[in-house]
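Structure file final.pdb; described as PDB, C-alpha atoms.
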```
ATOM      1  CA  MET Z   1     100.087 134.481 106.340
ATOM      2  CA  LYS Z   2     103.608 133.263 105.660
ATOM      3  CA  ASN Z   3     103.414 130.766 108.543
ATOM      4  CA  LEU Z   4     100.078 129.503 107.285
ATOM      5  CA  PHE Z   5     101.530 129.038 103.815
ATOM      6  CA  VAL Z   6     104.474 127.095 105.193
ATOM      7  CA  LYS Z   7     102.205 124.828 107.238
ATOM      8  CA  THR Z   8      99.973 124.228 104.244
ATOM      9  CA  LEU Z   9     102.948 123.409 102.054
ATOM     10  CA  LEU Z  10     104.414 121.034 104.618
ATOM     11  CA  LEU Z  11     101.174 119.146 105.081
ATOM     12  CA  CYS Z  12     100.617 118.934 101.362
ATOM     13  CA  ALA Z  13     104.096 117.501 100.922
ATOM     14  CA  ALA Z  14     103.429 115.022 103.704
ATOM     15  CA  VAL Z  15     100.162 113.921 102.191
ATOM     16  CA  VAL Z  16     101.574 113.082  98.800
ATOM     17  CA  ALA Z  17     104.898 111.725 100.039
ATOM     18  CA  THR Z  18     107.431 112.149  97.243
ATOM     19  CA  THR Z  19     104.878 113.263  94.651
ATOM     20  CA  ALA Z  20     104.595 117.016  94.049
ATOM     21  CA  CYS Z  21     101.439 118.690  95.447
ATOM     22  CA  GLY Z  22      98.524 118.179  93.131
ATOM     23  CA  GLU Z  23     100.545 116.248  90.568
ATOM     24  CA  GLU Z  24      99.196 112.857  89.482
ATOM     25  CA  THR Z  25     101.523 109.897  89.415
ATOM     26  CA  LYS Z  26     101.727 107.540  86.457
ATOM     27  CA  ALA Z  27     100.029 104.176  86.782
ATOM     28  CA  GLU Z  28     103.230 102.227  86.214
ATOM     29  CA  GLY Z  29     105.517 100.034  88.265
ATOM     30  CA  ASN Z  30     104.590  97.366  90.772
ATOM     31  CA  ARG Z  31     101.102  96.803  92.127
ATOM     32  CA  ALA Z  32     101.574  98.972  95.208
ATOM     33  CA  GLU Z  33     102.765 101.848  93.020
ATOM     34  CA  ARG Z  34      99.694 101.515  90.824
ATOM     35  CA  ILE Z  35      97.418 101.682  93.863
ATOM     36  CA  VAL Z  36      99.291 104.728  95.150
ATOM     37  CA  ALA Z  37      98.783 106.360  91.743
ATOM     38  CA  GLU Z  38      95.032 105.824  92.138
ATOM     39  CA  LEU Z  39      95.186 107.357  95.607
ATOM     40  CA  HIS Z  40      96.812 110.450  94.126
ATOM     41  CA  ASN Z  41      94.197 110.752  91.384
ATOM     42  CA  PRO Z  42      91.077 112.462  92.795
ATOM     43  CA  SER Z  43      89.297 112.245  89.443
ATOM     44  CA  SER Z  44      89.532 108.432  89.248
ATOM     45  CA  LYS Z  45      86.241 106.553  89.553
ATOM     46  CA  THR Z  46      87.936 103.337  90.641
ATOM     47  CA  VAL Z  47      86.811 102.425  94.152
ATOM     48  CA  LEU Z  48      89.684 101.133  96.260
ATOM     49  CA  VAL Z  49      89.028  98.451  98.872
ATOM     50  CA  ALA Z  50      90.612  98.533 102.323
ATOM     51  CA  SER Z  51      90.389  95.296 104.280
ATOM     52  CA  HIS Z  52      89.931  95.720 108.032
ATOM     53  CA  ARG Z  53      92.628  93.722 109.887
ATOM     54  CA  GLY Z  54      93.057  91.552 106.801
ATOM     55  CA  ASP Z  55      90.920  88.502 106.035
ATOM     56  CA  TRP Z  56      89.949  87.933 109.657
ATOM     57  CA  ARG Z  57      86.919  85.790 108.812
ATOM     58  CA  ASN Z  58      89.200  83.049 107.542
ATOM     59  CA  TRP Z  59      92.455  83.757 109.397
ATOM     60  CA  PRO Z  60      93.503  85.387 112.660
ATOM     61  CA  GLU Z  61      93.153  89.160 112.420
ATOM     62  CA  ASN Z  62      96.305  91.147 111.704
ATOM     63  CA  SER Z  63      98.176  87.928 110.866
ATOM     64  CA  ILE Z  64     100.517  87.220 107.960
ATOM     65  CA  ALA Z  65      98.033  84.680 106.593
ATOM     66  CA  ALA Z  66      95.233  87.260 106.736
ATOM     67  CA  ILE Z  67      97.427  89.694 104.796
ATOM     68  CA  GLU Z  68      98.380  87.125 102.153
ATOM     69  CA  SER Z  69      94.728  86.224 101.717
ATOM     70  CA  VAL Z  70      93.562  89.770 100.924
ATOM     71  CA  ILE Z  71      96.486  90.337  98.582
ATOM     72  CA  ALA Z  72      95.421  87.224  96.672
ATOM     73  CA  MET Z  73      91.836  88.557  96.514
ATOM     74  CA  GLY Z  74      92.952  91.780  94.882
ATOM     75  CA  VAL Z  75      92.383  94.078  97.857
ATOM     76  CA  ASP Z  76      94.097  97.458  97.500
ATOM     77  CA  ILE Z  77      94.771  98.471 101.102
ATOM     78  CA  MET Z  78      95.583  96.358 104.134
ATOM     79  CA  GLU Z  79      94.494  98.067 107.380
ATOM     80  CA  LEU Z  80      96.442  97.138 110.487
ATOM     81  CA  ASP Z  81      96.803  98.192 114.115
ATOM     82  CA  LEU Z  82     100.000  98.648 116.106
ATOM     83  CA  LYS Z  83     101.069  98.224 119.709
ATOM     84  CA  LEU Z  84     104.508  98.573 121.280
ATOM     85  CA  THR Z  85     105.915  95.792 123.441
ATOM     86  CA  ALA Z  86     107.808  96.290 126.704
ATOM     87  CA  ASP Z  87     111.087  95.969 124.778
ATOM     88  CA  SER Z  88     109.997  98.459 122.070
ATOM     89  CA  VAL Z  89     108.983  96.111 119.273
ATOM     90  CA  LEU Z  90     106.032  97.199 117.113
ATOM     91  CA  VAL Z  91     103.576  94.327 116.685
ATOM     92  CA  LEU Z  92     100.264  93.956 114.872
ATOM     93  CA  CYS Z  93      97.600  94.011 117.557
ATOM     94  CA  HIS Z  94      94.358  95.958 117.901
ATOM     95  CA  ASP Z  95      93.712  95.577 121.636
ATOM     96  CA  HIS Z  96      95.840  96.848 124.483
ATOM     97  CA  THR Z  97      96.028  93.251 125.723
ATOM     98  CA  ILE Z  98      96.766  89.955 123.972
ATOM     99  CA  ASN Z  99      93.899  88.207 125.788
ATOM    100  CA  ARG Z 100      91.394  88.106 122.928
ATOM    101  CA  THR Z 101      93.678  87.448 119.987
ATOM    102  CA  THR Z 102      96.238  85.001 121.411
ATOM    103  CA  SER Z 103      96.543  82.087 123.812
ATOM    104  CA  GLY Z 104      98.262  84.369 126.327
ATOM    105  CA  LYS Z 105      97.231  87.166 128.665
ATOM    106  CA  GLY Z 106      98.547  90.591 129.589
ATOM    107  CA  ARG Z 107      99.052  94.117 128.275
ATOM    108  CA  VAL Z 108     101.241  94.372 125.196
ATOM    109  CA  SER Z 109     103.132  97.287 126.724
ATOM    110  CA  GLU Z 110     104.089  95.149 129.717
ATOM    111  CA  ILE Z 111     105.205  92.026 127.814
ATOM    112  CA  THR Z 112     108.406  91.429 125.880
ATOM    113  CA  TYR Z 113     108.234  90.389 122.269
ATOM    114  CA  ASP Z 114     109.793  86.987 123.004
ATOM    115  CA  SER Z 115     107.019  86.300 125.515
ATOM    116  CA  ILE Z 116     104.334  87.229 123.009
ATOM    117  CA  ARG Z 117     105.905  84.918 120.443
ATOM    118  CA  ARG Z 118     105.408  81.997 122.807
ATOM    119  CA  CYS Z 119     101.645  82.470 122.394
ATOM    120  CA  VAL Z 120      99.679  81.315 119.366
ATOM    121  CA  LEU Z 121      97.107  83.440 117.595
ATOM    122  CA  ARG Z 122      93.382  82.790 117.829
ATOM    123  CA  ARG Z 123      90.994  82.747 114.909
ATOM    124  CA  ALA Z 124      87.542  84.272 115.117
ATOM    125  CA  HIS Z 125      85.255  82.477 117.594
ATOM    126  CA  ASN Z 126      88.203  82.061 119.966
ATOM    127  CA  VAL Z 127      89.716  79.049 118.185
ATOM    128  CA  LYS Z 128      93.464  78.672 118.793
ATOM    129  CA  THR Z 129      95.765  78.054 115.847
ATOM    130  CA  GLU Z 130      98.544  75.485 116.050
ATOM    131  CA  ASP Z 131     101.547  77.611 115.183
ATOM    132  CA  MET Z 132     100.564  81.121 114.017
ATOM    133  CA  ARG Z 133     102.271  83.944 115.911
ATOM    134  CA  MET Z 134     101.675  87.674 116.239
ATOM    135  CA  PRO Z 135     103.779  89.372 113.542
ATOM    136  CA  THR Z 136     105.954  92.410 113.961
ATOM    137  CA  LEU Z 137     105.375  95.460 111.798
ATOM    138  CA  ARG Z 138     108.638  94.696 110.022
ATOM    139  CA  GLU Z 139     107.498  91.166 109.143
ATOM    140  CA  ALA Z 140     104.157  92.453 107.863
ATOM    141  CA  LEU Z 141     105.722  95.165 105.716
ATOM    142  CA  GLU Z 142     108.172  92.684 104.208
ATOM    143  CA  VAL Z 143     105.145  90.697 103.014
ATOM    144  CA  CYS Z 144     103.328  93.813 101.761
ATOM    145  CA  LYS Z 145     106.278  95.408  99.959
ATOM    146  CA  ASP Z 146     105.400  96.279  96.344
ATOM    147  CA  ARG Z 147     102.151  94.282  96.618
ATOM    148  CA  ILE Z 148      99.595  96.342  98.541
ATOM    149  CA  VAL Z 149      99.174  99.707 100.253
ATOM    150  CA  VAL Z 150      99.244  99.547 104.054
ATOM    151  CA  ASN Z 151      96.992 101.692 106.214
ATOM    152  CA  VAL Z 152      98.286 102.133 109.759
ATOM    153  CA  ASP Z 153      95.155 102.854 111.784
ATOM    154  CA  GLN Z 154      96.158 102.679 115.431
ATOM    155  CA  GLY Z 155      99.755 103.824 115.396
ATOM    156  CA  TYR Z 156     100.235 107.535 114.729
ATOM    157  CA  GLU Z 157     101.731 107.890 118.216
ATOM    158  CA  TYR Z 158     104.567 105.648 116.999
ATOM    159  CA  TYR Z 159     105.157 107.717 113.870
ATOM    160  CA  ASP Z 160     108.946 108.007 114.197
ATOM    161  CA  LEU Z 161     109.378 104.311 114.924
ATOM    162  CA  VAL Z 162     107.144 103.324 112.011
ATOM    163  CA  LEU Z 163     108.913 105.669 109.633
ATOM    164  CA  ALA Z 164     112.326 104.291 110.601
ATOM    165  CA  ILE Z 165     111.162 100.800 109.609
ATOM    166  CA  THR Z 166     109.478 101.890 106.377
ATOM    167  CA  GLU Z 167     112.562 103.818 105.300
ATOM    168  CA  GLU Z 168     114.836 100.860 106.018
ATOM    169  CA  LEU Z 169     112.584  98.539 104.001
ATOM    170  CA  GLY Z 170     111.980 101.042 101.207
ATOM    171  CA  VAL Z 171     108.190 101.036 101.575
ATOM    172  CA  THR Z 172     107.485 104.542 102.896
ATOM    173  CA  ASP Z 173     105.631 105.602  99.738
ATOM    174  CA  GLN Z 174     103.078 102.788 100.100
ATOM    175  CA  ILE Z 175     102.133 103.508 103.722
ATOM    176  CA  LEU Z 176      99.038 105.538 104.628
ATOM    177  CA  ILE Z 177      98.792 106.627 108.249
ATOM    178  CA  LYS Z 178      95.862 108.484 109.781
ATOM    179  CA  GLY Z 179      94.920 110.415 112.878
ATOM    180  CA  LYS Z 180      92.872 113.130 114.529
ATOM    181  CA  ARG Z 181      95.628 115.643 115.299
ATOM    182  CA  ALA Z 182      95.349 119.338 114.488
ATOM    183  CA  THR Z 183      96.818 120.441 111.167
ATOM    184  CA  ASP Z 184      99.711 122.353 112.728
ATOM    185  CA  VAL Z 185     100.649 119.363 114.888
ATOM    186  CA  VAL Z 186     100.826 117.103 111.840
ATOM    187  CA  ALA Z 187     102.746 119.707 109.842
ATOM    188  CA  ALA Z 188     105.293 120.061 112.636
ATOM    189  CA  LYS Z 189     105.775 116.290 112.881
ATOM    190  CA  PHE Z 190     106.249 115.897 109.132
ATOM    191  CA  ALA Z 191     108.692 118.799 109.030
ATOM    192  CA  GLU Z 192     111.027 116.723 111.215
ATOM    193  CA  HIS Z 193     111.686 114.282 108.370
ATOM    194  CA  PRO Z 194     112.927 114.673 104.796
ATOM    195  CA  ARG Z 195     110.421 112.041 103.635
ATOM    196  CA  ASN Z 196     107.096 110.972 105.069
ATOM    197  CA  MET Z 197     104.300 108.481 104.755
ATOM    198  CA  MET Z 198     100.955 109.500 103.283
ATOM    199  CA  TYR Z 199      98.586 110.994 105.840
ATOM    200  CA  MET Z 200      94.790 111.065 106.143
ATOM    201  CA  PRO Z 201      92.757 112.921 108.802
ATOM    202  CA  ILE Z 202      89.859 111.178 110.543
ATOM    203  CA  ILE Z 203      86.738 113.332 110.750
ATOM    204  CA  ASP Z 204      83.924 112.392 113.156
ATOM    205  CA  ILE Z 205      81.708 114.944 111.498
ATOM    206  CA  LEU Z 206      78.834 114.817 113.995
ATOM    207  CA  LYS Z 207      81.134 115.406 116.979
ATOM    208  CA  PRO Z 208      82.452 118.867 117.970
ATOM    209  CA  GLN Z 209      86.097 117.757 117.755
ATOM    210  CA  GLY Z 210      85.585 116.352 114.270
ATOM    211  CA  GLN Z 211      83.748 119.465 113.106
ATOM    212  CA  ALA Z 212      86.560 121.673 114.413
ATOM    213  CA  LEU Z 213      89.231 119.584 112.688
ATOM    214  CA  PHE Z 214      87.383 119.620 109.379
ATOM    215  CA  ALA Z 215      86.999 123.397 109.655
ATOM    216  CA  GLN Z 216      90.765 123.726 110.135
ATOM    217  CA  TYR Z 217      91.409 122.003 106.833
ATOM    218  CA  MET Z 218      88.715 123.903 104.967
ATOM    219  CA  ASP Z 219      89.500 127.334 106.422
ATOM    220  CA  ASN Z 220      93.254 126.984 105.823
ATOM    221  CA  GLY Z 221      92.854 125.622 102.317
ATOM    222  CA  ILE Z 222      94.725 122.428 103.142
ATOM    223  CA  VAL Z 223      93.871 119.588 100.776
ATOM    224  CA  PRO Z 224      94.843 116.188 102.193
ATOM    225  CA  LEU Z 225      95.071 113.095 100.059
ATOM    226  CA  ALA Z 226      91.832 111.796 101.575
ATOM    227  CA  TYR Z 227      89.499 112.235 104.518
ATOM    228  CA  GLU Z 228      88.098 109.373 106.565
ATOM    229  CA  VAL Z 229      84.588 110.522 107.469
ATOM    230  CA  CYS Z 230      82.642 108.780 110.247
ATOM    231  CA  TRP Z 231      79.025 109.451 111.140
ATOM    232  CA  LYS Z 232      76.357 107.711 113.223
ATOM    233  CA  GLU Z 233      73.310 108.951 111.342
ATOM    234  CA  PHE Z 234      72.613 110.636 108.049
ATOM    235  CA  THR Z 235      72.063 114.370 108.376
ATOM    236  CA  PRO Z 236      72.380 117.333 105.996
ATOM    237  CA  GLN Z 237      75.668 118.146 107.747
ATOM    238  CA  VAL Z 238      77.075 114.726 106.823
ATOM    239  CA  GLU Z 239      76.205 115.074 103.164
ATOM    240  CA  GLU Z 240      77.518 118.638 103.090
ATOM    241  CA  CYS Z 241      80.835 117.438 104.540
ATOM    242  CA  MET Z 242      81.165 114.711 101.924
ATOM    243  CA  HIS Z 243      80.344 117.138  99.142
ATOM    244  CA  LYS Z 244      83.032 119.534 100.383
ATOM    245  CA  VAL Z 245      85.590 116.723 100.605
ATOM    246  CA  VAL Z 246      85.080 115.692  96.987
ATOM    247  CA  GLU Z 247      84.808 119.259  95.695
ATOM    248  CA  SER Z 248      88.054 120.234  97.437
ATOM    249  CA  GLY Z 249      90.006 117.595  95.512
ATOM    250  CA  SER Z 250      90.446 115.028  98.294
ATOM    251  CA  LYS Z 251      89.259 111.450  98.201
ATOM    252  CA  LEU Z 252      86.470 110.276 100.501
ATOM    253  CA  TRP Z 253      87.121 107.213 102.705
ATOM    254  CA  VAL Z 254      84.145 105.592 104.434
ATOM    255  CA  ASN Z 255      83.925 102.614 106.783
ATOM    256  CA  THR Z 256      81.177 100.051 106.285
ATOM    257  CA  LEU Z 257      82.394  98.064 109.294
ATOM    258  CA  TRP Z 258      79.730  99.025 111.831
ATOM    259  CA  PRO Z 259      76.475 101.016 111.740
ATOM    260  CA  SER Z 260      77.916 103.586 114.157
ATOM    261  CA  LEU Z 261      80.530 104.600 111.566
ATOM    262  CA  CYS Z 262      78.300 104.627 108.509
ATOM    263  CA  GLY Z 263      74.928 106.121 109.337
ATOM    264  CA  GLY Z 264      73.320 102.851 110.418
ATOM    265  CA  LEU Z 265      74.588 100.838 107.439
ATOM    266  CA  ASP Z 266      77.293  98.165 107.359
ATOM    267  CA  ASP Z 267      78.740  95.160 105.540
ATOM    268  CA  ASP Z 268      76.512  92.687 107.325
ATOM    269  CA  THR Z 269      73.403  94.590 106.221
ATOM    270  CA  ALA Z 270      74.539  94.437 102.611
ATOM    271  CA  PHE Z 271      75.441  90.746 102.893
ATOM    272  CA  ALA Z 272      72.330  89.610 104.790
ATOM    273  CA  THR Z 273      69.866  91.454 102.572
ATOM    274  CA  LYS Z 274      71.789  90.613  99.374
ATOM    275  CA  ASP Z 275      71.443  94.283  98.521
ATOM    276  CA  PRO Z 276      74.947  95.756  98.228
ATOM    277  CA  ASP Z 277      73.553  98.743  96.347
ATOM    278  CA  ALA Z 278      71.772  99.867  99.507
ATOM    279  CA  VAL Z 279      75.104 100.131 101.336
ATOM    280  CA  TYR Z 280      78.047 100.293  98.946
ATOM    281  CA  GLY Z 281      76.067 101.880  96.141
ATOM    282  CA  ARG Z 282      74.869 104.614  98.442
ATOM    283  CA  MET Z 283      78.412 105.337  99.626
ATOM    284  CA  ILE Z 284      79.620 105.577  96.032
ATOM    285  CA  ASP Z 285      76.751 107.918  95.181
ATOM    286  CA  LEU Z 286      77.919 110.155  98.029
ATOM    287  CA  GLY Z 287      81.370 110.313  96.454
ATOM    288  CA  ALA Z 288      83.279 107.566  98.272
ATOM    289  CA  THR Z 289      86.176 106.051  96.315
ATOM    290  CA  LEU Z 290      87.791 104.377  99.347
ATOM    291  CA  ILE Z 291      85.765 101.838 101.337
ATOM    292  CA  GLN Z 292      87.034  99.965 104.381
ATOM    293  CA  THR Z 293      85.215  96.668 104.816
ATOM    294  CA  ASP Z 294      84.997  93.505 106.887
ATOM    295  CA  ARG Z 295      83.802  91.613 103.792
ATOM    296  CA  PRO Z 296      86.498  92.353 101.201
ATOM    297  CA  GLU Z 297      85.678  89.572  98.750
ATOM    298  CA  TYR Z 298      81.978  90.464  98.736
ATOM    299  CA  LEU Z 299      82.729  94.147  98.151
ATOM    300  CA  LEU Z 300      85.265  93.394  95.407
ATOM    301  CA  ASN Z 301      82.757  91.233  93.549
ATOM    302  CA  TYR Z 302      80.174  94.006  93.748
ATOM    303  CA  LEU Z 303      82.578  96.656  92.489
ATOM    304  CA  ARG Z 304      83.768  94.452  89.635
ATOM    305  CA  SER Z 305      80.169  93.857  88.604
ATOM    306  CA  ARG Z 306      79.797  97.632  88.248
ATOM    307  CA  GLY Z 307      83.099  98.146  86.468
ATOM    308  CA  LEU Z 308      84.526 100.086  89.416
ATOM    309  CA  HIS Z 309      87.434  97.737  90.145
ATOM    310  CA  ASP Z 310      89.701  95.603  87.995
TER     311      ASP Z 310
END
```

Just give me the structure as structure tokens.
Amino acid sequence: MKNLFVKTLLLCAAVVATTACGEETKAEGNRAERIVAELHNPSSKTVLVASHRGDWRNWPENSIAAIESVIAMGVDIMELDLKLTADSVLVLCHDHTINRTTSGKGRVSEITYDSIRRCVLRRAHNVKTEDMRMPTLREALEVCKDRIVVNVDQGYEYYDLVLAITEELGVTDQILIKGKRATDVVAAKFAEHPRNMMYMPIIDILKPQGQALFAQYMDNGIVPLAYEVCWKEFTPQVEECMHKVVESGSKLWVNTLWPSLCGGLDDDTAFATKDPDAVYGRMIDLGATLIQTDRPEYLLNYLRSRGLHD
């Protein structure tokens, strides 16, 4: 019992960073601090918007320009992906190779950072830019500091490297990292450091591994800041999971990126049918207060029309 209590306490401390477990932060300070305060407030009805790889419809994904664009829109969370170069530089890249997103070719892990910087980024539809380059995590966080929360999606395996950069830049409190590791594994990792980033578990609730992970949290009474719940189709089990998430005091994060993550619904469905209620409204009715989207401006306009975002 004592070990379980210690693990629970460690994970709770990790989840809320420097805020005490269960204690709400004041909505003061810079913009990033105000967003973090909303993240720590499970009773808030404000729906926070996470932009997938930035504004990739208008700029290269995971680029500085894509980040600046969503900050200007009023997006709350910038989602990014990390890869490690051959000379141990963390860069913003979703794929294992640079083939799709740059003018170059090769695996990130086998290329030096200087070599990657010789390549220009591509926009959507494979159009090369003239002078945009793949940014490092450090460069991206310098842009995001005090302005927006950053969600590190692909990158938990680089936790120590990421944390070293966030601590040096003074942005640790505005970073949300997520993963599918067991609760004791996460607790052990966070116990290695005096200060940690926020953490959110990913729950594929219709898959055995996701069900087992969710049960770990529920059975051990661990209350993370938020859960990212993914599901391919609506079932009673999905709705029961979401109800438990909200009732436990955690926030519910959903992804409207692709139908396979959101029960057959997605951003394009909402946009094409001009019926955002059928997608976003349904997610909100299920308790979601964090929505990751590929259409951030469209979602923001919808939320503002309902008084759910400033």

**Request:** Report as a list in words the residues that result from applying the PyMOL selection byres ((chain Z and resi 225) around 8) to the structure here.
**Result:**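 Applied to this file, the PyMOL selection byres ((chain Z and resi 225) around 8) returns Val15, Val16, Leu39, His40, Met198, Tyr199, Met200, Val223, Pro224, Ala226, Tyr227, Ser250 and Lys251 of chain Z.
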
Take the residues that were just selected and, keeping C-alpha atoms, output them as a PDB file, in the coordinates of the input.
```
ATOM      1  CA  VAL Z  15     100.162 113.921 102.191  1.00  0.00           C
ATOM      2  CA  VAL Z  16     101.574 113.082  98.800  1.00  0.00           C
ATOM      3  CA  LEU Z  39      95.186 107.357  95.607  1.00  0.00           C
ATOM      4  CA  HIS Z  40      96.812 110.450  94.126  1.00  0.00           C
ATOM      5  CA  MET Z 198     100.955 109.500 103.283  1.00  0.00           C
ATOM      6  CA  TYR Z 199      98.586 110.994 105.840  1.00  0.00           C
ATOM      7  CA  MET Z 200      94.790 111.065 106.143  1.00  0.00           C
ATOM      8  CA  VAL Z 223      93.871 119.588 100.776  1.00  0.00           C
ATOM      9  CA  PRO Z 224      94.843 116.188 102.193  1.00  0.00           C
ATOM     10  CA  ALA Z 226      91.832 111.796 101.575  1.00  0.00           C
ATOM     11  CA  TYR Z 227      89.499 112.235 104.518  1.00  0.00           C
ATOM     12  CA  SER Z 250      90.446 115.028  98.294  1.00  0.00           C
ATOM     13  CA  LYS Z 251      89.259 111.450  98.201  1.00  0.00           C
TER      14      LYS Z 251
END
```

**Prompt:** Rounded to one decimal in Å, what is the spacing between CA of Tyr298 in chain Z and CA of Val36 in chain Z?
**Reply:**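 One can read the CA of Tyr298 in chain Z to CA of Val36 in chain Z distance as 22.7 Å.
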
**Item:** Within 10 Å of Arg181 in chain Z using only C-alpha atoms, minus same-chain residues under 4 positions, as a list in words
**Value:**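 In the requested format, the answer is Tyr156, Val185, Val186, Ala187, Pro201, Ile202 and Leu213 of chain Z.
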
**Asked** Skipping near chain neighbours, those fewer than 5 positions away, what residues fall within 10 Å of range 79-85 of chain Z using only C-alpha atoms, listed as a PyMOL selection string?
**Response** chain Z and resi 50-54+61-63+67+90-97+107-116+136-137+140+149-158+161-162+176-177+292-293

**Prompt:** Given the file above and the PyMOL selection byres ((chain Z and resi 301) around 12), which residues are selected, and can you give them as a list in words?
**Reply:**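 Applied to this file, the PyMOL selection byres ((chain Z and resi 301) around 12) selects Val47, Val49, Met73, Gly74, Val75, Phe271, Pro276, Tyr280, Arg295, Pro296, Glu297, Tyr298, Leu299, Leu300, Tyr302, Leu303, Arg304, Ser305, Arg306, Gly307, Leu308, His309 and Asp310 of chain Z.
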
**Message:** On this structure, the PyMOL selection byres ((chain Z and resi 231) around 10) would catch which residues? List them as a list of chain:residue names, sorted by chain and number.
**Reply:** Z:Ile203, Z:Asp204, Z:Ile205, Z:Leu206, Z:Lys207, Z:Val229, Z:Cys230, Z:Lys232, Z:Glu233, Z:Phe234, Z:Thr235, Z:Gln237, Z:Val238, Z:Val254, Z:Asn255, Z:Pro259, Z:Ser260, Z:Leu261, Z:Cys262, Z:Gly263, Z:Gly264

**Message:** I'd like the interatomic distance between CA of Val127 in chain Z and CA of Met78 in chain Z, to a tenth of an Å.
**Reply:** 23.1 Å

**Message:** For a test of reading the model, state the distance in Å between CA of Glu168 in chain Z and CA of Cys119 in chain Z, rounded to one decimal.
**Reply:**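 Interatomic distance here is 27.9 Å.
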
**Item:** Glu33 in chain Z surroundings by all atoms listed in the file, 9 Å radius, close-in-sequence under 2 positions cut, as a PyMOL selection string
**Value:** chain Z and resi 25-31+35-38+146-149+173-174

Excluding same-chain residues fewer than 4 positions from Asp131 in chain Z, what lies within 12 Å of it counting all atoms listed in the file, as a short mmCIF file (atom, residue, chain, number, x, y, z; two decimals) with C-alpha atoms, in the coordinates of the input?
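Contents of the output file around-v4.cif:
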```cif
data_model
loop_
_atom_site.label_atom_id
_atom_site.label_comp_id
_atom_site.auth_asym_id
_atom_site.auth_seq_id
_atom_site.Cartn_x
_atom_site.Cartn_y
_atom_site.Cartn_z
CA PRO Z 60 93.50 85.39 112.66
CA SER Z 63 98.18 87.93 110.87
CA ALA Z 65 98.03 84.68 106.59
CA THR Z 102 96.24 85.00 121.41
CA SER Z 103 96.54 82.09 123.81
CA ARG Z 117 105.90 84.92 120.44
CA ARG Z 118 105.41 82.00 122.81
CA CYS Z 119 101.64 82.47 122.39
CA VAL Z 120 99.68 81.32 119.37
CA LEU Z 121 97.11 83.44 117.60
CA ARG Z 122 93.38 82.79 117.83
CA ARG Z 123 90.99 82.75 114.91
#
```

**Using all atoms listed in the file: which of Z:Gln211, Z:Asn196, Z:Thr46, Z:Asn220 has the shortest distance to Ile291 in chain Z** =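 Answer, going by the shortest atom-to-atom distance: Z:Thr46.
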
Could you put an axis-aligned box around every listed atom of range 31-47 of chain Z, padded by 5 Å on each side, and send me its centre and edge lengths in Å to one decimal, as JSON?
```
{"center_x": 94.5, "center_y": 104.6, "center_z": 92.4, "size_x": 26.5, "size_y": 25.7, "size_z": 16.4}
```

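Distances here use only C-alpha atoms; by that measure, the residue among Z:Met218, Z:Asp266, Z:Gly170, Z:Val246 closest to Lys45 in chain Z is Z:Val246.
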
**Request:** Write out as a PyMOL selection string which residues come within 8 Å of His243 in chain Z when counting only C-alpha atoms, dropping same-chain ones fewer than 3 positions away.
**Result:** chain Z and resi 239-240+246-247+286-287

**Request:** Determine the nearest neighbour of Cys144 in chain Z from the options Z:Phe190, Z:Gly104, Z:Met242, Z:Ile175, counting all atoms listed in the file.
**Result:** Z:Ile175
